[in-house]
Amino acid sequence: MKKLFYFILLVAGLSSIHSCKDLVDEEGNPLLDLNDNTGLIGPRSLFREITNSDTIAEYRYNGLLLSKALTKGKRTKSVTDLMWSGDKISKITFYGFLDEDKNGTLDNDSVAYTQLLTYGAGGRLTIIAENRISYVKTVPPGSTIPVLPWVVSKKYKKLYNLEYATGTDKLSKITMKNGEEITGVNFDYTTYSVSNYTYTGDNISKVERNYGPMTGGTMGTATEKYKYEYFTFDTQINPHTLLPFAYKVSSLLATRVNDEKSQSLSINNPRRLTVTDMMVPIPTPIVFTTNYAYDLQTYMTRGFGINYIYKPQ
């Protein structure tokens, strides 16, 4: 858990800062100027998330539909492509590097995964089926330096089932099953996680996620339990409301532990976040707080050390 908390400290504990990164989009159109408070007027899209020294994410669009997400920063370098069927995302592909252990450094393994999305009653996302491959470079005899080409290291299958609260249709639970594909061995899911979501109004106020082993389709006793809580929401607009729900869920599932970012599913912005390891004898929350900046259309533009850059539609 120390690695997880260190990572969150780097991301969420930074003081609010301005950035002077490029203030034009990929087509040269002007973006929101962070040096004044005029902001954009009219419909907009979220274009970048940046700090003073890092680009966390950049979003590309095909018309009004999100088509690609690029991460160029120190903790993730990747390309995510989205395929749409009508007004719904049907397939997500990811290529790049992740920080799976949350120690603030990219893993050496390269990762590729494909997610197929299934929708149920009311057009709600109900199943995400994922195939994931990790790649490594090999070390030649007599050397200590890995070299190309990349070779397959491991293959995994993951299945996510999403449930929604009766009456509100809000996401209430995600159950994950995970198993490694090994040549010559019958496939079986060997680990699981269960995430439960609690709301205050339209905002997520608590996420509880348990992890454990799985045998023959039966979930064993949880071996890890974490709780994430969000407090003191403002009444302004969360930048991530401009991104598709399916993409936001997929992003939360990119790494094994990523739930500190669950406020992306809320419509407003929490000023306080706590993370608690529930398996220790005396659980003690680690607390992170921020002040926000907004533009004239009440969109949040800065918080938890991250600047949000918009572009006109």
# chains A, B, ... in the order shown; residues from 1 in each chain; ligands from 1

$ select_by_dssp --residues "segment 128-238 of chain A" --states "strand (DSSP E or B)" --output "PyMOL selection string"
chain A and resi 128-138+147-164+171-181+191-200+203-215+218-219+224-233+237

$ closest_atom_pairs --of "segment 166-238 of chain A" --to "segment 133-141 of chain A" --cutoff "12 Å" --atoms "only C-alpha atoms" --output "CSV"
residue,atom,partner,partner_atom,distance
A:Gly179,CA,A:Ile133,CA,11.9
A:Glu180,CA,A:Ile133,CA,9.8
A:Glu181,CA,A:Ile133,CA,9.7
A:Ile182,CA,A:Ile133,CA,11.9

$ write_last_selection --atoms "N, CA, C and O atoms" --output "compact mmCIF listing (two decimals), in the first residue's frame"
# COMPACT_ATOMS: atom_id res chain seq x y z
N GLY A 179 -7.95 -14.27 -15.15
CA GLY A 179 -7.18 -15.50 -15.23
C GLY A 179 -6.11 -15.42 -16.28
O GLY A 179 -6.27 -14.72 -17.29
N GLU A 180 -5.02 -16.12 -16.07
CA GLU A 180 -3.92 -16.15 -17.03
C GLU A 180 -4.11 -17.29 -18.01
O GLU A 180 -4.46 -18.41 -17.61
N GLU A 181 -3.89 -17.02 -19.28
CA GLU A 181 -3.93 -18.05 -20.32
C GLU A 181 -2.55 -18.68 -20.42
O GLU A 181 -1.57 -18.01 -20.76
N ILE A 182 -2.47 -19.98 -20.14
CA ILE A 182 -1.20 -20.70 -20.18
C ILE A 182 -1.33 -21.85 -21.17
O ILE A 182 -2.27 -22.65 -21.10

$ residues_around --residues "segment 195-200 of chain A" --least-positions-apart "6" --cutoff "10 Å" --atoms "only C-alpha atoms" --output "number ranges by chain"
A: 162-165, 170-176, 206-211, 225-231, 233, 259, 262, 266

$ closest_residue --among "A:Ile50, A:Ile237, A:Val79, A:Lys177" --to "Pro213 of chain A" --atoms "only C-alpha atoms"
A:Lys177

$ closest_residue --among "A:Glu130, A:Asn203, A:Gly142, A:Tyr308" --to "Asp295 of chain A" --atoms "only C-alpha atoms"
A:Tyr308

$ residues_around --residues "Thr114 of chain A" --least-positions-apart "6" --cutoff "10 Å" --atoms "only C-alpha atoms" --output "ChimeraX atom specification"
/A:80-81,91-95,128-133

$ write_last_selection --atoms "N, CA and C atoms" --output "JSON list (two decimals), in the first residue's frame"
[["chain", "number", "residue", "atom", "x", "y", "z"],
["A", 80, "THR", "N", -5.02, 4.93, -26.78],
["A", 80, "THR", "CA", -6.28, 4.20, -26.63],
["A", 80, "THR", "C", -7.20, 4.59, -27.76],
["A", 81, "ASP", "N", -7.65, 3.61, -28.54],
["A", 81, "ASP", "CA", -8.56, 3.86, -29.66],
["A", 81, "ASP", "C", -9.95, 3.36, -29.31],
["A", 91, "LYS", "N", -15.89, -1.08, -28.80],
["A", 91, "LYS", "CA", -14.57, -1.70, -28.67],
["A", 91, "LYS", "C", -13.55, -0.66, -28.26],
["A", 92, "ILE", "N", -12.67, -1.04, -27.34],
["A", 92, "ILE", "CA", -11.59, -0.16, -26.89],
["A", 92, "ILE", "C", -10.29, -0.95, -26.99],
["A", 93, "THR", "N", -9.30, -0.37, -27.64],
["A", 93, "THR", "CA", -7.99, -1.00, -27.72],
["A", 93, "THR", "C", -6.94, -0.09, -27.10],
["A", 94, "PHE", "N", -6.02, -0.69, -26.36],
["A", 94, "PHE", "CA", -4.99, 0.04, -25.63],
["A", 94, "PHE", "C", -3.63, -0.52, -25.99],
["A", 95, "TYR", "N", -2.68, 0.38, -26.24],
["A", 95, "TYR", "CA", -1.29, 0.00, -26.48],
["A", 95, "TYR", "C", -0.40, 0.97, -25.71],
["A", 128, "ILE", "N", -17.88, -5.99, -19.85],
["A", 128, "ILE", "CA", -16.65, -5.67, -20.57],
["A", 128, "ILE", "C", -15.79, -6.93, -20.57],
["A", 129, "ALA", "N", -15.53, -7.47, -21.74],
["A", 129, "ALA", "CA", -14.69, -8.65, -21.89],
["A", 129, "ALA", "C", -13.33, -8.20, -22.42],
["A", 130, "GLU", "N", -12.28, -8.52, -21.67],
["A", 130, "GLU", "CA", -10.95, -8.01, -22.01],
["A", 130, "GLU", "C", -9.96, -9.14, -22.25],
["A", 131, "ASN", "N", -9.16, -8.99, -23.29],
["A", 131, "ASN", "CA", -7.99, -9.83, -23.54],
["A", 131, "ASN", "C", -6.75, -8.95, -23.45],
["A", 132, "ARG", "N", -5.83, -9.31, -22.55],
["A", 132, "ARG", "CA", -4.66, -8.48, -22.28],
["A", 132, "ARG", "C", -3.37, -9.29, -22.49],
["A", 133, "ILE", "N", -2.40, -8.65, -23.13],
["A", 133, "ILE", "CA", -1.10, -9.26, -23.37],
["A", 133, "ILE", "C", -0.01, -8.32, -22.85]]

$ atom_distance --atom1 "atom CA of Lys311 of chain A" --atom2 "atom CA of Ser45 of chain A"
5.4 Å

$ atom_distance --atom1 "atom CA of Met83 of chain A" --atom2 "atom CA of Asn161 of chain A"
20.1 Å

$ select_by_dssp --residues "segment 141-292 of chain A" --states "helix (DSSP H, G or I)" --output "count of residues only"
19

$ residues_around --residues "Pro312 of chain A" --least-positions-apart "4" --cutoff "8 Å" --atoms "only C-alpha atoms" --output "list in words"
Leu31, Leu40, Gly42, Pro43, Arg44 and Ser45 of chain A

$ closest_residue --among "A:Tyr299, A:Phe47, A:Tyr247, A:Tyr292" --to "Leu116 of chain A" --atoms "only C-alpha atoms"
A:Tyr247

$ closest_residue --among "A:Phe304, A:Glu260, A:Val185, A:Tyr156" --to "Ile286 of chain A" --atoms "only C-alpha atoms"
A:Glu260

$ closest_residue --among "A:Leu66, A:Lys158, A:Phe245, A:Lys77" --to "Arg124 of chain A" --atoms "only C-alpha atoms"
A:Phe245
